[in-house]
$ cat coords_10.txt   # compact mmCIF, C-alpha atoms
# COMPACT_ATOMS: atom_id res chain seq x y z
CA MET O 1 378.71 -7.86 46.94
CA VAL O 2 376.18 -9.45 49.26
CA ILE O 3 378.53 -11.52 51.43
CA ASP O 4 379.52 -10.08 54.77
CA VAL O 5 383.29 -10.30 54.92
CA SER O 6 383.77 -7.89 57.81
CA ALA O 7 383.68 -10.73 60.36
CA CYS O 8 386.97 -12.22 59.09
CA PHE O 9 389.95 -11.66 61.42
CA GLN O 10 392.50 -13.27 59.09
CA CYS O 11 393.26 -16.45 61.05
CA GLY O 12 394.13 -18.21 57.81
CA LYS O 13 392.32 -21.47 58.57
CA CYS O 14 390.66 -21.36 55.16
CA SER O 15 393.97 -21.14 53.33
CA ALA O 16 395.56 -23.84 55.48
CA GLY O 17 392.80 -26.32 54.70
CA CYS O 18 392.13 -25.45 51.07
CA PRO O 19 392.88 -28.52 48.92
CA VAL O 20 393.89 -26.36 45.93
CA GLY O 21 395.64 -23.64 47.93
CA PHE O 22 398.98 -24.94 46.67
CA ALA O 23 398.10 -23.85 43.13
CA MET O 24 396.50 -20.48 43.93
CA ASP O 25 398.11 -17.12 43.14
CA ILE O 26 396.11 -15.39 45.90
CA LEU O 27 395.20 -17.49 48.94
CA PRO O 28 391.62 -17.71 50.23
CA HIS O 29 392.20 -15.57 53.35
CA GLN O 30 393.87 -12.95 51.14
CA ILE O 31 390.83 -12.94 48.86
CA VAL O 32 388.68 -12.11 51.90
CA ARG O 33 391.13 -9.39 52.98
CA LEU O 34 391.00 -7.83 49.52
CA ALA O 35 387.20 -7.97 49.65
CA GLN O 36 387.29 -6.18 53.01
CA LEU O 37 389.36 -3.47 51.34
CA ALA O 38 386.95 -3.44 48.37
CA GLU O 39 389.96 -4.16 46.16
CA THR O 40 388.14 -6.22 43.53
CA LYS O 41 390.37 -5.77 40.50
CA MET O 42 393.09 -8.04 41.81
CA THR O 43 390.68 -10.80 42.79
CA ILE O 44 388.63 -10.62 39.59
CA ASN O 45 391.80 -11.10 37.58
CA SER O 46 393.21 -13.85 39.75
CA GLU O 47 393.69 -17.49 38.88
CA ALA O 48 392.55 -18.52 42.36
CA ILE O 49 388.84 -17.87 41.84
CA TRP O 50 388.82 -20.39 38.96
CA LEU O 51 390.61 -23.06 40.98
CA CYS O 52 388.09 -23.01 43.83
CA ASN O 53 386.06 -26.22 43.68
CA SER O 54 383.36 -24.98 46.06
CA CYS O 55 384.20 -27.94 48.30
CA GLY O 56 383.17 -25.88 51.32
CA ILE O 57 385.91 -26.92 53.73
CA CYS O 58 386.84 -23.26 54.37
CA LEU O 59 383.33 -22.37 55.44
CA ALA O 60 382.98 -25.54 57.52
CA ARG O 61 386.11 -24.59 59.50
CA CYS O 62 385.72 -20.80 59.58
CA PRO O 63 385.34 -19.59 63.18
CA ARG O 64 383.56 -16.49 61.86
CA ALA O 65 381.27 -18.27 59.34
CA VAL O 66 382.42 -16.20 56.38
CA ASP O 67 380.84 -17.71 53.29
CA LEU O 68 383.99 -17.95 51.21
CA PRO O 69 382.59 -20.43 48.64
CA LYS O 70 379.83 -17.95 47.91
CA LEU O 71 382.31 -15.08 47.68
CA MET O 72 384.40 -17.11 45.22
CA LYS O 73 381.30 -17.89 43.18
CA GLU O 74 380.26 -14.23 43.06
CA LEU O 75 383.76 -13.28 41.94
CA ARG O 76 383.68 -15.92 39.20
CA ALA O 77 380.31 -14.63 38.04
CA GLU O 78 381.72 -11.12 37.91
CA ALA O 79 384.91 -12.22 36.18
CA TYR O 80 383.05 -14.37 33.65
CA THR O 81 382.79 -11.52 31.15
CA ALA O 82 385.70 -9.38 32.41
CA PRO O 83 388.28 -8.79 29.67
CA GLN O 84 391.40 -9.40 31.79
CA ALA O 85 390.04 -12.39 33.71
CA LYS O 86 391.99 -15.62 33.81
CA GLY O 87 390.51 -19.11 33.99
CA VAL O 88 390.04 -19.41 30.22
CA ALA O 89 389.80 -23.20 30.36
CA GLN O 90 387.38 -23.17 33.28
CA ARG O 91 385.16 -20.61 31.56
CA ASP O 92 385.23 -22.78 28.46
CA PHE O 93 384.09 -25.68 30.57
CA TYR O 94 381.15 -23.74 32.01
CA GLN O 95 380.17 -22.50 28.58
CA GLN O 96 380.41 -25.94 27.06
CA PHE O 97 378.45 -27.45 29.92
CA LEU O 98 375.59 -24.97 29.53
CA ALA O 99 375.57 -25.27 25.74
CA VAL O 100 375.13 -29.02 26.18
CA VAL O 101 372.33 -28.55 28.74
CA GLU O 102 370.59 -26.12 26.39
CA CYS O 103 370.86 -28.62 23.56
CA TYR O 104 370.00 -31.89 25.32
CA GLY O 105 368.46 -30.84 28.65
CA ARG O 106 371.02 -33.14 30.25
CA VAL O 107 374.74 -33.64 29.96
CA PRO O 108 375.61 -36.74 27.96
CA GLU O 109 379.25 -37.45 28.77
CA PRO O 110 380.35 -37.78 25.12
CA ALA O 111 378.89 -34.36 24.32
CA MET O 112 380.94 -32.81 27.09
CA ILE O 113 384.28 -33.97 25.89
CA THR O 114 383.96 -33.69 22.15
CA THR O 115 382.40 -30.26 21.77
CA THR O 116 384.51 -27.57 20.17
CA SER O 117 385.36 -24.76 22.51
CA SER O 118 383.99 -21.51 21.18
CA ARG O 119 386.66 -19.49 22.92
CA THR O 120 389.80 -21.32 21.86
CA ARG O 121 388.37 -23.07 18.78
CA LYS O 122 390.05 -26.17 20.03
CA LEU O 123 388.42 -29.58 19.94
CA THR O 124 388.79 -31.03 23.39
CA VAL O 125 388.81 -34.79 23.53
CA ARG O 126 389.80 -36.39 26.80
CA VAL O 127 388.71 -39.97 26.80
CA SER O 128 390.44 -43.23 27.56
CA LYS O 129 390.20 -46.20 25.21
CA ASN O 130 388.32 -48.17 27.84
CA ARG O 131 385.67 -45.46 28.09
CA LEU O 132 385.36 -45.17 24.33
CA ALA O 133 384.82 -48.91 24.09
CA ILE O 134 382.01 -48.67 26.63
CA TRP O 135 380.34 -45.92 24.65
CA LEU O 136 380.63 -47.77 21.39
CA ARG O 137 378.76 -50.69 22.91
CA GLN O 138 375.82 -48.43 23.79
CA LYS O 139 373.24 -47.78 21.16
CA ASN O 140 371.33 -44.82 22.54
CA LEU O 141 374.19 -42.66 23.65
CA PHE O 142 372.48 -39.35 22.97
CA LYS O 143 368.88 -40.56 22.99
CA ALA O 144 368.29 -40.31 26.71
CA ARG O 145 367.59 -36.60 26.65
CA THR O 146 364.92 -34.34 28.04
CA GLN O 147 361.85 -34.40 25.80
CA ASP O 148 360.31 -31.11 26.82
CA MET O 149 363.10 -29.01 25.31
CA PRO O 150 360.87 -25.97 24.58
CA MET O 151 360.54 -25.57 28.34
CA VAL O 152 364.30 -25.85 28.91
CA SER O 153 364.93 -23.37 26.08
CA ARG O 154 362.51 -20.92 27.65
CA LEU O 155 364.49 -20.96 30.90
CA PHE O 156 367.66 -20.17 28.98
CA GLN O 157 365.90 -17.43 26.99
CA GLN O 158 364.77 -15.76 30.21
CA ALA O 159 368.30 -15.82 31.57
CA ARG O 160 369.65 -14.48 28.29
CA MET O 161 367.23 -11.57 28.19
CA LYS O 162 368.37 -10.14 31.49
CA GLY O 163 371.86 -11.61 31.63
CA GLY O 164 373.90 -9.26 29.45
CA GLY O 165 375.21 -11.84 27.00
CA LYS O 166 376.69 -14.22 29.56
CA CYS O 167 374.69 -17.13 28.21
CA GLY O 168 376.56 -16.96 24.91
CA MET H 1 357.77 -50.30 50.94
CA ALA H 2 359.17 -46.78 50.86
CA GLU H 3 358.57 -45.06 47.53
CA TYR H 4 360.68 -42.23 46.18
CA ALA H 5 360.94 -40.07 43.08
CA PHE H 6 364.44 -40.81 41.83
CA TYR H 7 366.57 -38.02 40.40
CA PRO H 8 369.60 -39.76 38.89
CA GLY H 9 371.47 -36.68 37.65
CA CYS H 10 373.54 -36.67 34.48
CA ASN H 11 376.42 -38.58 36.02
CA LEU H 12 374.35 -41.70 36.55
CA HIS H 13 373.10 -41.81 33.02
CA TYR H 14 376.50 -41.41 31.48
CA PRO H 15 379.84 -42.01 33.18
CA GLY H 16 378.29 -43.70 36.21
CA GLN H 17 376.13 -46.36 34.66
CA GLU H 18 377.53 -48.94 37.06
CA TYR H 19 376.08 -46.87 39.88
CA SER H 20 372.71 -46.75 38.18
CA LEU H 21 372.71 -50.49 37.45
CA SER H 22 373.75 -51.56 40.93
CA LEU H 23 371.58 -49.03 42.75
CA ARG H 24 368.44 -50.23 40.97
CA LEU H 25 369.15 -53.86 41.82
CA VAL H 26 369.99 -53.13 45.43
CA ALA H 27 367.04 -50.79 45.99
CA GLU H 28 364.62 -53.34 44.60
CA LYS H 29 366.02 -56.06 46.83
CA LEU H 30 365.84 -53.82 49.90
CA GLU H 31 362.31 -52.75 48.96
CA ILE H 32 363.11 -49.09 48.38
CA GLY H 33 361.02 -47.92 45.44
CA LEU H 34 362.99 -45.65 43.11
CA THR H 35 360.87 -44.39 40.23
CA GLU H 36 362.80 -42.08 37.93
CA ILE H 37 361.30 -38.61 37.62
CA PRO H 38 359.91 -38.67 34.08
CA ASP H 39 361.66 -36.31 31.66
CA TRP H 40 363.97 -34.82 34.30
CA ASN H 41 366.59 -32.29 33.25
CA CYS H 42 370.07 -31.31 34.42
CA CYS H 43 370.12 -29.40 37.73
CA GLY H 44 372.50 -26.81 36.26
CA GLY H 45 375.59 -28.51 37.66
CA PRO H 46 378.63 -26.42 38.46
CA ALA H 47 378.05 -23.96 35.60
CA ALA H 48 374.58 -22.41 35.69
CA ASN H 49 375.08 -20.44 38.90
CA ILE H 50 378.04 -18.60 37.40
CA ILE H 51 375.81 -17.32 34.61
CA ASP H 52 372.56 -16.63 36.38
CA ASP H 53 371.15 -17.47 39.81
CA GLN H 54 367.60 -17.60 38.51
CA LEU H 55 368.54 -20.07 35.76
CA THR H 56 370.06 -22.34 38.42
CA VAL H 57 366.87 -22.25 40.46
CA ASP H 58 364.63 -22.68 37.40
CA LEU H 59 366.49 -25.71 36.04
CA ALA H 60 366.35 -27.47 39.40
CA ALA H 61 362.79 -26.32 40.08
CA ARG H 62 361.36 -27.99 36.98
CA ASN H 63 362.43 -31.35 38.43
CA LEU H 64 360.84 -30.60 41.79
CA VAL H 65 357.57 -29.73 40.10
CA LEU H 66 357.66 -33.00 38.13
CA ALA H 67 358.42 -34.91 41.34
CA GLY H 68 355.63 -33.05 43.12
CA GLU H 69 353.21 -34.47 40.57
CA MET H 70 354.34 -37.95 41.64
CA VAL H 71 353.53 -37.07 45.29
CA ARG H 72 356.79 -38.57 46.48
CA ASP H 73 359.93 -37.29 48.16
CA VAL H 74 362.98 -36.99 45.92
CA VAL H 75 366.13 -39.09 46.32
CA THR H 76 369.35 -38.35 44.49
CA PRO H 77 372.75 -40.02 44.65
CA CYS H 78 374.68 -36.91 43.58
CA GLY H 79 375.89 -34.36 46.13
CA LEU H 80 375.77 -31.43 43.75
CA CYS H 81 372.28 -32.30 42.47
CA HIS H 82 371.17 -32.62 46.10
CA GLU H 83 372.42 -29.13 46.86
CA ARG H 84 370.93 -27.58 43.72
CA LEU H 85 367.52 -29.18 44.25
CA ASN H 86 367.47 -28.20 47.90
CA LYS H 87 368.45 -24.63 47.17
CA ALA H 88 365.72 -24.35 44.58
CA ARG H 89 363.29 -25.78 47.12
CA GLY H 90 364.31 -23.10 49.60
CA GLN H 91 363.61 -20.42 46.99
CA MET H 92 360.19 -21.89 46.17
CA ALA H 93 358.98 -21.89 49.76
CA GLU H 94 355.63 -20.41 48.82
CA ALA H 95 354.77 -23.21 46.34
CA PRO H 96 352.50 -25.80 47.99
CA GLY H 97 353.17 -29.54 47.99
CA LEU H 98 356.87 -29.42 47.20
CA PRO H 99 358.63 -32.73 47.80
CA LYS H 100 361.51 -33.06 50.27
CA VAL H 101 364.93 -33.88 48.84
CA HIS H 102 367.05 -36.66 50.37
CA ASN H 103 370.42 -38.03 49.41
CA ILE H 104 370.75 -41.74 48.82
CA LEU H 105 373.12 -42.23 51.75
CA GLU H 106 370.49 -41.16 54.29
CA ILE H 107 368.09 -43.67 52.78
CA LEU H 108 370.55 -46.58 52.60
CA THR H 109 371.98 -46.16 56.09
CA THR H 110 368.90 -46.02 58.28
CA GLU H 111 369.01 -48.55 61.11
CA GLU H 112 366.15 -50.42 59.45
CA ILE H 113 367.93 -50.82 56.13
CA LEU H 114 371.26 -51.74 57.77
CA GLU H 115 369.45 -54.46 59.72
CA LYS H 116 367.82 -55.67 56.52
CA ILE H 117 371.23 -55.87 54.82
CA ARG H 118 372.63 -57.90 57.73
CA ARG H 119 369.65 -60.24 57.57
CA MET H 120 369.71 -60.72 53.81
CA ALA H 121 373.49 -61.00 53.42
CA LYS H 122 374.60 -63.92 51.26
CA LYS H 123 378.29 -62.99 51.37
CA SER H 124 380.52 -60.99 53.66
CA LEU H 125 383.27 -58.47 53.07
CA SER H 126 385.09 -59.92 56.07
CA GLY H 127 388.78 -59.06 55.84
CA LEU H 128 388.32 -56.27 53.29
CA LYS H 129 389.67 -52.92 54.44
CA VAL H 130 387.53 -50.17 52.99
CA ALA H 131 388.25 -46.44 53.12
CA PRO H 132 384.89 -44.64 53.41
CA TYR H 133 384.88 -41.63 51.08
CA TYR H 134 382.02 -39.12 50.96
CA GLY H 135 383.47 -36.52 48.66
CA CYS H 136 383.42 -32.87 49.54
CA ILE H 137 379.98 -31.54 48.81
CA PHE H 138 377.98 -34.48 50.07
CA THR H 139 378.17 -33.67 53.76
CA ARG H 140 378.47 -29.92 53.39
CA ALA H 141 375.75 -29.31 50.79
CA TYR H 142 372.99 -26.84 51.53
CA GLY H 143 370.20 -28.69 53.28
CA SER H 144 372.41 -31.65 54.14
CA SER H 145 371.55 -33.50 57.33
CA PHE H 146 375.01 -34.62 58.48
CA ALA H 147 375.82 -33.58 62.02
CA ASN H 148 379.57 -33.65 61.45
CA SER H 149 380.62 -32.51 58.01
CA GLU H 150 384.23 -33.69 58.38
CA ASN H 151 383.78 -36.98 60.16
CA PRO H 152 380.47 -38.44 59.05
CA MET H 153 379.89 -42.05 60.08
CA ASN H 154 377.14 -43.37 57.78
CA LEU H 155 379.54 -45.16 55.43
CA ASP H 156 381.40 -46.68 58.39
CA TRP H 157 378.14 -48.15 59.70
CA LEU H 158 377.37 -49.51 56.26
CA ILE H 159 380.82 -51.08 55.86
CA HIS H 160 380.42 -52.80 59.24
CA ALA H 161 376.98 -54.07 58.23
CA LEU H 162 378.58 -55.56 55.12
CA GLY H 163 381.13 -57.37 57.29
CA GLY H 164 384.08 -55.26 56.15
CA GLU H 165 386.51 -53.13 58.09
CA ALA H 166 386.14 -49.34 57.83
CA VAL H 167 389.63 -47.84 57.73
CA PRO H 168 389.99 -44.61 59.69
CA TRP H 169 391.61 -42.01 57.46
CA PRO H 170 391.76 -38.21 57.38
CA PHE H 171 390.41 -37.59 53.87
CA LYS H 172 386.81 -38.79 54.32
CA THR H 173 385.42 -35.53 52.97
CA GLU H 174 388.47 -34.05 51.24
CA CYS H 175 387.85 -32.66 47.74
CA CYS H 176 388.93 -34.83 44.77
CA GLY H 177 389.11 -31.89 42.35
CA GLY H 178 386.44 -33.35 40.09
CA SER H 179 385.25 -30.01 38.75
CA LEU H 180 388.78 -29.10 37.62
CA ASN H 181 388.96 -32.27 35.58
CA TYR H 182 388.37 -30.54 32.26
CA SER H 183 390.19 -27.28 32.79
CA SER H 184 393.17 -28.15 35.00
CA PRO H 185 393.72 -31.90 34.81
CA GLU H 186 397.17 -31.59 36.37
CA ILE H 187 395.68 -30.10 39.54
CA SER H 188 392.78 -32.53 39.83
CA GLY H 189 395.32 -35.30 39.12
CA LYS H 190 397.33 -34.19 42.14
CA LEU H 191 394.27 -34.27 44.38
CA VAL H 192 393.34 -37.73 43.10
CA GLY H 193 396.88 -38.95 43.79
CA ARG H 194 396.84 -37.49 47.29
CA LEU H 195 393.62 -39.33 48.12
CA SER H 196 394.78 -42.63 46.71
CA ASP H 197 398.16 -42.39 48.49
CA MET H 198 396.59 -41.54 51.83
CA ALA H 199 394.08 -44.38 51.61
CA GLN H 200 396.92 -46.81 50.89
CA GLN H 201 399.06 -45.42 53.72
CA CYS H 202 396.16 -46.01 56.08
CA GLY H 203 396.01 -49.61 54.96
CA ALA H 204 392.92 -49.58 52.74
CA ASP H 205 392.39 -52.23 50.04
CA CYS H 206 389.82 -50.09 48.28
CA ILE H 207 387.80 -46.90 48.51
CA MET H 208 384.01 -46.89 48.73
CA THR H 209 382.25 -43.71 47.70
CA VAL H 210 378.75 -42.40 47.47
CA CYS H 211 379.47 -39.51 45.09
CA PRO H 212 379.27 -40.32 41.37
CA SER H 213 381.62 -37.50 40.36
CA CYS H 214 384.27 -38.66 42.82
CA GLN H 215 384.10 -42.24 41.58
CA ALA H 216 384.42 -41.13 37.98
CA ASN H 217 387.31 -38.82 38.80
CA LEU H 218 389.24 -41.21 41.03
CA ASP H 219 388.65 -44.30 38.92
CA LYS H 220 389.61 -42.59 35.68
CA TRP H 221 392.61 -40.56 36.67
CA GLN H 222 394.43 -42.69 39.23
CA GLY H 223 395.95 -44.55 36.32
CA ASN H 224 397.86 -41.45 35.24
CA ARG H 225 400.53 -42.37 37.75
CA PRO H 226 402.01 -45.55 36.37
CA ASP H 227 404.56 -45.81 39.22
CA ARG H 228 401.86 -46.03 41.90
CA GLN H 229 399.40 -48.70 42.78
CA GLU H 230 395.76 -48.07 41.92
CA LEU H 231 392.98 -48.72 44.39
CA PRO H 232 389.60 -50.02 43.26
CA ILE H 233 386.94 -47.32 43.71
CA PHE H 234 383.54 -48.84 44.51
CA TYR H 235 380.13 -47.25 44.57
CA ILE H 236 378.24 -48.03 47.77
CA SER H 237 375.58 -49.91 45.86
CA GLU H 238 378.15 -52.21 44.25
CA LEU H 239 379.48 -53.48 47.58
CA ILE H 240 375.97 -53.78 49.03
CA GLY H 241 374.97 -55.68 45.88
CA LEU H 242 377.87 -58.13 46.18
CA VAL H 243 376.95 -58.87 49.80
CA LEU H 244 373.30 -59.35 48.83
CA GLY H 245 374.48 -61.99 46.38
CA PHE H 246 374.32 -60.26 43.01
CA LYS H 247 376.86 -61.25 40.37
CA PRO H 248 379.69 -58.73 39.85
CA ARG H 249 378.85 -58.49 36.16
CA ALA H 250 375.21 -57.62 36.85
CA LEU H 251 376.37 -54.80 39.13
CA GLY H 252 378.55 -53.32 36.41
CA LEU H 253 381.84 -54.16 38.11
CA THR H 254 383.43 -55.06 34.79
CA LYS H 255 383.15 -51.42 33.71
CA HIS H 256 385.69 -50.13 36.18
CA GLN H 257 389.00 -48.74 35.06
CA ALA H 258 391.10 -49.44 38.15
CA SER H 259 391.16 -53.21 38.51
CA VAL H 260 388.78 -54.60 41.14
CA ASP H 261 389.81 -58.26 40.78
CA SER H 262 392.36 -58.70 43.53
CA ALA H 263 390.43 -56.77 46.19
CA LEU H 264 387.36 -58.90 45.52
CA ALA H 265 389.32 -62.13 45.27
CA ASN H 266 390.43 -61.46 48.88
CA VAL H 267 386.86 -61.90 50.00
CA GLY H 268 386.18 -64.84 47.72
CA ILE H 269 384.33 -62.99 44.96
CA TYR H 270 385.45 -63.50 41.38
CA LEU H 271 384.45 -61.31 38.46
CA ASN H 272 383.58 -64.22 36.24
CA GLY H 273 382.07 -66.26 39.04
$ encode --input "coords_10.txt" --output "structure tokens"
Amino acid sequence: MVIDVSACFQCGKCSAGCPVGFAMDILPHQIVRLAQLAETKMTINSEAIWLCNSCGICLARCPRAVDLPKLMKELRAEAYTAPQAKGVAQRDFYQQFLAVVECYGRVPEPAMITTTSSRTRKLTVRVSKNRLAIWLRQKNLFKARTQDMPMVSRLFQQARMKGGGKCG
Amino acid sequence: MAEYAFYPGCNLHYPGQEYSLSLRLVAEKLEIGLTEIPDWNCCGGPAANIIDDQLTVDLAARNLVLAGEMVRDVVTPCGLCHERLNKARGQMAEAPGLPKVHNILEILTTEEILEKIRRMAKKSLSGLKVAPYYGCIFTRAYGSSFANSENPMNLDWLIHALGGEAVPWPFKTECCGGSLNYSSPEISGKLVGRLSDMAQQCGADCIMTVCPSCQANLDKWQGNRPDRQELPIFYISELIGLVLGFKPRALGLTKHQASVDSALANVGIYLNG
């Protein structure tokens, strides 16, 4: 891990200010403590790393400038392919998001919420009637996409070649 | 006339079309040239960096190269796009002629533009209490220029210039949970409720935001709490547009989910007027 966690003296400011702390199984300052102890198994398999929004309030308030958002991100990246990892829905979201980018170059909102999840095989549709009505009035819902898709595909291919199957 | 390469980001093309509509009108009126980067692609959003750091940089970098060909600085309204583009720029330090990346708030709240708004105002938001909301990443993004990431003042200045009252409240830069929207709607719903409740407790009639994800999240999911009152969630460009005299319909105000009628009626603006 590239983030220096040794500076943390466990004041707990990060946990106190975290907007999703109330839903976490391991609190942010505990994640840092576990990283100091090189105890990664617990953190990799935690729910907390998938609830972090990267809002950055912990880092903004940290008296020791420990880059907790980056630590959380690194843990998510590590947990992404770990067998016991939680955050199934969040991983689905990431996967879906990237599949849409690889297909359109951009993320058309309708594509995001009607794609079948490859992990759970569940069709996720979360759209209000009002929204649907707005879409139905638009003619070129999926047309506004990136034209130079060969270039976008190449970027994904490069990542896939070195990325050990994370790209799907 | 200042000319920029405009990077709208996916949000503005899809859920946030009101933002796109109103921003174009307002920018034109204020003589800020926003030319969309031709054939731009997604910056990688919240997902690409989990998979591969290089992919994140590459996706953002393609846009910077396209903007570089336009020989203009980049402007984006989205906090996350701003961060991704800026990070990519940092990684490409050796490439010559890379454009700078600004967020739209910096551009719209310079003293010069605020003065222009005051001068060109056809209406006033006098009497409207507005809670300024920046969203989380906007002020804390990599490469962001805000001196105080928890109490930024740009939106307050803008609200004053529009004749409204900026309500002091503690959640100016508190996270709305937007990125948990798909995976844990119950948690993002709680965060949305917390923001809406706090704004109301502090006496706000509405929330004005600069972040397209926050607007989409707050506007859509406030309504999940039928027992509570919903606040209208405005994009900055919508309120600027109203003051500059544009019709609400032209600014896309009819596309909102949380009703905007009564807040606007307070300042003598009617949706069908």
$ residues_around --input "coords_10.txt" --residues "Val101 of chain O" --least-positions-apart "3" --cutoff "12 Å" --atoms "all atoms listed in the file" --output "ChimeraX atom specification"
/O:94-98,104-109,111-112,145-146,149,152-153,155-156,167 /H:10,40-48,55-56,59
$ closest_atom_pairs --input "coords_10.txt" --of "chain H" --to "chain O" --cutoff "9 Å" --atoms "all atoms listed in the file" --output "Markdown table"
| residue | atom | partner | partner_atom | distance |
| --- | --- | --- | --- | --- |
| H:Gly9 | CA | O:Arg106 | CA | 8.2 |
| H:Cys10 | CA | O:Val107 | CA | 5.6 |
| H:Asn11 | CA | O:Glu109 | CA | 7.9 |
| H:His13 | CA | O:Pro108 | CA | 7.6 |
| H:Tyr14 | CA | O:Glu109 | CA | 5.5 |
| H:Pro15 | CA | O:Glu109 | CA | 6.4 |
| H:Pro38 | CA | O:Thr146 | CA | 9.0 |
| H:Asp39 | CA | O:Thr146 | CA | 5.3 |
| H:Trp40 | CA | O:Thr146 | CA | 6.3 |
| H:Asn41 | CA | O:Gly105 | CA | 5.2 |
| H:Cys42 | CA | O:Arg106 | CA | 4.7 |
| H:Cys43 | CA | O:Arg106 | CA | 8.4 |
| H:Gly44 | CA | O:Leu98 | CA | 7.6 |
| H:Gly45 | CA | O:Phe97 | CA | 8.3 |
| H:Pro46 | CA | O:Tyr94 | CA | 7.4 |
| H:Ala47 | CA | O:Tyr94 | CA | 4.7 |
| H:Ala48 | CA | O:Leu98 | CA | 6.7 |
| H:Asn49 | CA | O:Ala77 | CA | 7.9 |
| H:Ile50 | CA | O:Ala77 | CA | 4.6 |
| H:Ile51 | CA | O:Lys166 | CA | 6.0 |
| H:Asp52 | CA | O:Ala159 | CA | 6.5 |
| H:Asp53 | CA | O:Ala159 | CA | 8.9 |
| H:Gln54 | CA | O:Ala159 | CA | 7.2 |
| H:Leu55 | CA | O:Ala159 | CA | 6.0 |
| H:Asp58 | CA | O:Leu155 | CA | 6.7 |
| H:Leu59 | CA | O:Leu155 | CA | 7.3 |
| H:Arg62 | CA | O:Val152 | CA | 8.9 |
| H:Gly135 | CA | O:Cys55 | CA | 8.6 |
| H:Cys136 | CA | O:Cys55 | CA | 5.1 |
| H:Ile137 | CA | O:Cys55 | CA | 5.6 |
| H:Arg140 | CA | O:Gly56 | CA | 6.5 |
| H:Ala141 | CA | O:Gly56 | CA | 8.2 |
| H:Ser149 | CA | O:Ala60 | CA | 7.4 |
| H:Glu150 | CA | O:Ala60 | CA | 8.3 |
| H:Thr173 | CA | O:Ile57 | CA | 8.7 |
| H:Glu174 | CA | O:Pro19 | CA | 7.4 |
| H:Cys175 | CA | O:Cys55 | CA | 6.0 |
| H:Cys176 | CA | O:Pro19 | CA | 8.5 |
| H:Gly177 | CA | O:Asn53 | CA | 6.6 |
| H:Gly178 | CA | O:Asn53 | CA | 8.0 |
| H:Ser179 | CA | O:Asn53 | CA | 6.3 |
| H:Leu180 | CA | O:Leu51 | CA | 7.1 |
| H:Tyr182 | CA | O:Phe93 | CA | 6.7 |
| H:Ser183 | CA | O:Ala89 | CA | 4.8 |
| H:Ser184 | CA | O:Ala89 | CA | 7.6 |
| H:Ile187 | CA | O:Ala23 | CA | 7.6 |
| H:Ser188 | CA | O:Val20 | CA | 8.7 |
| H:Leu191 | CA | O:Pro19 | CA | 7.5 |
| H:Lys220 | CA | O:Ser128 | CA | 8.2 |
| H:Lys255 | CA | O:Ile134 | CA | 7.7 |
| H:His256 | CA | O:Asn130 | CA | 9.0 |
| H:Gln257 | CA | O:Asn130 | CA | 7.3 |
$ residues_around --input "coords_10.txt" --residues "Gly189 of chain H" --least-positions-apart "2" --cutoff "8 Å" --atoms "all atoms listed in the file" --output "list of chain:residue names"
H:Gly177, H:Asn181, H:Pro185, H:Glu186, H:Ile187, H:Leu191, H:Val192, H:Gly193, H:Trp221, H:Gln222, H:Asn224
$ residues_around --input "coords_10.txt" --residues "Leu71 of chain O" --least-positions-apart "5" --cutoff "12 Å" --atoms "only C-alpha atoms" --output "PyMOL selection string"
(chain O and resi 1-5+28-29+31-36+40+43-44+49+52+54+56+58-59+66+76-78) or (chain H and resi 50)
$ closest_residue --input "coords_10.txt" --among "O:Glu47, O:Pro63, O:Ala38, O:Ala7" --to "Gly21 of chain O" --atoms "all atoms listed in the file"
O:Glu47
$ decode --input "coords_10.txt" --residues "segment 228-236 of chain H" --atoms "N, CA and C atoms" --output "PDB file, in the first residue's frame"
ATOM      1  N   ARG H 228     -42.563  14.573   4.732  1.00  0.00           N
ATOM      2  CA  ARG H 228     -41.774  15.800   4.865  1.00  0.00           C
ATOM      3  C   ARG H 228     -41.976  16.694   3.651  1.00  0.00           C
ATOM      4  N   GLN H 229     -41.689  17.968   3.907  1.00  0.00           N
ATOM      5  CA  GLN H 229     -41.801  18.928   2.817  1.00  0.00           C
ATOM      6  C   GLN H 229     -40.568  18.856   1.915  1.00  0.00           C
ATOM      7  N   GLU H 230     -40.782  18.988   0.629  1.00  0.00           N
ATOM      8  CA  GLU H 230     -39.658  18.987  -0.308  1.00  0.00           C
ATOM      9  C   GLU H 230     -39.212  20.410  -0.588  1.00  0.00           C
ATOM     10  N   LEU H 231     -37.921  20.591  -0.736  1.00  0.00           N
ATOM     11  CA  LEU H 231     -37.410  21.901  -1.135  1.00  0.00           C
ATOM     12  C   LEU H 231     -37.075  21.866  -2.620  1.00  0.00           C
ATOM     13  N   PRO H 232     -37.321  22.961  -3.336  1.00  0.00           N
ATOM     14  CA  PRO H 232     -36.854  23.007  -4.725  1.00  0.00           C
ATOM     15  C   PRO H 232     -35.319  23.041  -4.746  1.00  0.00           C
ATOM     16  N   ILE H 233     -34.727  22.303  -5.684  1.00  0.00           N
ATOM     17  CA  ILE H 233     -33.270  22.255  -5.794  1.00  0.00           C
ATOM     18  C   ILE H 233     -32.887  22.891  -7.131  1.00  0.00           C
ATOM     19  N   PHE H 234     -32.338  24.095  -7.076  1.00  0.00           N
ATOM     20  CA  PHE H 234     -32.000  24.817  -8.308  1.00  0.00           C
ATOM     21  C   PHE H 234     -30.536  24.651  -8.686  1.00  0.00           C
ATOM     22  N   TYR H 235     -30.285  24.608  -9.978  1.00  0.00           N
ATOM     23  CA  TYR H 235     -28.916  24.768 -10.469  1.00  0.00           C
ATOM     24  C   TYR H 235     -28.587  26.250 -10.427  1.00  0.00           C
ATOM     25  N   ILE H 236     -27.307  26.589 -10.268  1.00  0.00           N
ATOM     26  CA  ILE H 236     -26.945  28.006 -10.216  1.00  0.00           C
ATOM     27  C   ILE H 236     -27.426  28.736 -11.466  1.00  0.00           C
TER      28      ILE H 236
END
